[in-house]
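Peer 1: Handing you this structure, nothing more for now.
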Amino acid sequence: MQQVLAAHDIPSRIIDIGIMSYLGAGSPAALQVRSPDQWTALLLLSSPEEEQA
């Protein structure tokens, strides 16, 4: 996801959002973008809408 944003010159960073509450590996993370780029990032990372027949 971060590479898609970088390809469109949208700066982003990955932030750690806490400790896992179960025995999984790693910790949950989120992708953070600047406020002016928020809607563009959401559109780029969302799945395309399906055509209705």
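In the structure tokens, chains take letters A, B, ... by order of appearance, with residues numbered from 1 within each chain and ligands from 1 in the order shown.
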Which polymer residues have any atom within 9 Å of an atom of segment 37-51 of chain A, counting only C-alpha atoms, with same-chain residues fewer than 6 positions away left out, as a list in words?
Peer 2: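 The neighbour list is Met1, Val4, Leu5, Ile10 and Pro11 of chain A.
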Peer 1: Just want the 6 Å neighbourhood of segment 13-16 of chain A, counted on only C-alpha atoms, with same-chain residues fewer than 5 positions away dropped. Output as a PyMOL selection string.
Peer 2: chain A and resi 29-32
Peer 1: Could you take the residues named above and write them with all heavy atoms, as a compact mmCIF listing (two decimals), in the first residue's frame?
Peer 2:
# COMPACT_ATOMS: atom_id res chain seq x y z
N ALA A 29 -0.43 -2.43 12.85
CA ALA A 29 0.14 -1.19 12.32
C ALA A 29 -0.90 -0.49 11.45
O ALA A 29 -1.88 -1.09 11.02
CB ALA A 29 1.39 -1.49 11.51
N ALA A 30 -0.67 0.79 11.22
CA ALA A 30 -1.56 1.59 10.38
C ALA A 30 -0.71 2.42 9.43
O ALA A 30 0.46 2.70 9.70
CB ALA A 30 -2.43 2.49 11.24
N LEU A 31 -1.29 2.80 8.33
CA LEU A 31 -0.62 3.65 7.35
C LEU A 31 -1.15 5.06 7.55
O LEU A 31 -2.36 5.29 7.51
CB LEU A 31 -0.94 3.14 5.95
CG LEU A 31 -0.12 3.68 4.80
CD1 LEU A 31 1.36 3.36 4.99
CD2 LEU A 31 -0.60 3.10 3.49
N GLN A 32 -0.27 6.03 7.78
CA GLN A 32 -0.67 7.40 8.05
C GLN A 32 -0.28 8.29 6.87
O GLN A 32 0.84 8.22 6.37
CB GLN A 32 0.00 7.89 9.32
CG GLN A 32 -0.45 9.27 9.76
CD GLN A 32 0.23 9.69 11.04
OE1 GLN A 32 1.42 9.45 11.23
NE2 GLN A 32 -0.53 10.29 11.92
Peer 1: With a distance cut-off of 10 Å and only C-alpha atoms, select the neighbouring residues of Gly18 of chain A, excluding the residue or stretch itself and same-chain residues fewer than 5 positions from it, and output the selection as an MDAnalysis selection string.
Peer 2: chainID A and resid 26:29
Peer 1: Using backbone DSSP assignments, extract all strand (DSSP E or B) residues from chain A; output them as a list in words.
Peer 2: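 Selecting the strand (DSSP E or B) positions of chain A gives Ser12, Arg13, Ile14, Ile15, Asp16, Ala29, Ala30, Leu31, Gln32 and Val33 of chain A.
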Peer 1: May I have all residues of chain A that DSSP, computed from the backbone, assigns to alpha helix (DSSP H), given as a PDB file with N, CA, C and O atoms, in the first residue's frame?
Peer 2:
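Saved file out_23.pdb follows:
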ATOM      1  N   GLN A   2       1.908   1.222   0.798  1.00  0.00           N
ATOM      2  CA  GLN A   2       2.779   2.387   0.880  1.00  0.00           C
ATOM      3  C   GLN A   2       3.458   2.646  -0.463  1.00  0.00           C
ATOM      4  O   GLN A   2       3.660   3.797  -0.839  1.00  0.00           O
ATOM      5  N   GLN A   3       3.763   1.602  -1.210  1.00  0.00           N
ATOM      6  CA  GLN A   3       4.391   1.769  -2.524  1.00  0.00           C
ATOM      7  C   GLN A   3       3.431   2.406  -3.520  1.00  0.00           C
ATOM      8  O   GLN A   3       3.851   3.187  -4.370  1.00  0.00           O
ATOM      9  N   VAL A   4       2.148   2.074  -3.441  1.00  0.00           N
ATOM     10  CA  VAL A   4       1.146   2.682  -4.324  1.00  0.00           C
ATOM     11  C   VAL A   4       1.084   4.183  -4.065  1.00  0.00           C
ATOM     12  O   VAL A   4       1.062   4.993  -4.994  1.00  0.00           O
ATOM     13  N   LEU A   5       1.065   4.568  -2.790  1.00  0.00           N
ATOM     14  CA  LEU A   5       1.019   5.987  -2.447  1.00  0.00           C
ATOM     15  C   LEU A   5       2.300   6.693  -2.886  1.00  0.00           C
ATOM     16  O   LEU A   5       2.239   7.806  -3.424  1.00  0.00           O
ATOM     17  N   ALA A   6       3.440   6.060  -2.688  1.00  0.00           N
ATOM     18  CA  ALA A   6       4.714   6.660  -3.093  1.00  0.00           C
ATOM     19  C   ALA A   6       4.770   6.867  -4.605  1.00  0.00           C
ATOM     20  O   ALA A   6       5.311   7.870  -5.078  1.00  0.00           O
ATOM     21  N   ALA A   7       4.195   5.959  -5.367  1.00  0.00           N
ATOM     22  CA  ALA A   7       4.168   6.086  -6.820  1.00  0.00           C
ATOM     23  C   ALA A   7       3.365   7.304  -7.265  1.00  0.00           C
ATOM     24  O   ALA A   7       3.582   7.835  -8.354  1.00  0.00           O
ATOM     25  N   GLN A  38      -5.562  12.678   2.312  1.00  0.00           N
ATOM     26  CA  GLN A  38      -6.371  11.584   2.846  1.00  0.00           C
ATOM     27  C   GLN A  38      -7.358  11.021   1.828  1.00  0.00           C
ATOM     28  O   GLN A  38      -7.411   9.814   1.625  1.00  0.00           O
ATOM     29  N   TRP A  39      -8.143  11.857   1.168  1.00  0.00           N
ATOM     30  CA  TRP A  39      -9.154  11.351   0.239  1.00  0.00           C
ATOM     31  C   TRP A  39      -8.525  10.709  -0.990  1.00  0.00           C
ATOM     32  O   TRP A  39      -9.001   9.684  -1.478  1.00  0.00           O
ATOM     33  N   THR A  40      -7.444  11.291  -1.487  1.00  0.00           N
ATOM     34  CA  THR A  40      -6.750  10.693  -2.630  1.00  0.00           C
ATOM     35  C   THR A  40      -6.212   9.318  -2.268  1.00  0.00           C
ATOM     36  O   THR A  40      -6.349   8.362  -3.035  1.00  0.00           O
ATOM     37  N   ALA A  41      -5.625   9.205  -1.075  1.00  0.00           N
ATOM     38  CA  ALA A  41      -5.100   7.909  -0.623  1.00  0.00           C
ATOM     39  C   ALA A  41      -6.226   6.885  -0.490  1.00  0.00           C
ATOM     40  O   ALA A  41      -6.070   5.729  -0.894  1.00  0.00           O
ATOM     41  N   LEU A  42      -7.359   7.295   0.068  1.00  0.00           N
ATOM     42  CA  LEU A  42      -8.484   6.366   0.208  1.00  0.00           C
ATOM     43  C   LEU A  42      -8.985   5.884  -1.150  1.00  0.00           C
ATOM     44  O   LEU A  42      -9.294   4.708  -1.324  1.00  0.00           O
ATOM     45  N   LEU A  43      -9.056   6.782  -2.115  1.00  0.00           N
ATOM     46  CA  LEU A  43      -9.499   6.383  -3.456  1.00  0.00           C
ATOM     47  C   LEU A  43      -8.501   5.444  -4.120  1.00  0.00           C
ATOM     48  O   LEU A  43      -8.892   4.465  -4.765  1.00  0.00           O
ATOM     49  N   LEU A  44      -7.213   5.715  -3.967  1.00  0.00           N
ATOM     50  CA  LEU A  44      -6.195   4.841  -4.569  1.00  0.00           C
ATOM     51  C   LEU A  44      -6.170   3.456  -3.952  1.00  0.00           C
ATOM     52  O   LEU A  44      -5.922   2.465  -4.646  1.00  0.00           O
ATOM     53  N   LEU A  45      -6.428   3.355  -2.647  1.00  0.00           N
ATOM     54  CA  LEU A  45      -6.306   2.085  -1.952  1.00  0.00           C
ATOM     55  C   LEU A  45      -7.627   1.319  -1.851  1.00  0.00           C
ATOM     56  O   LEU A  45      -7.636   0.171  -1.419  1.00  0.00           O
TER      57      LEU A  45
END
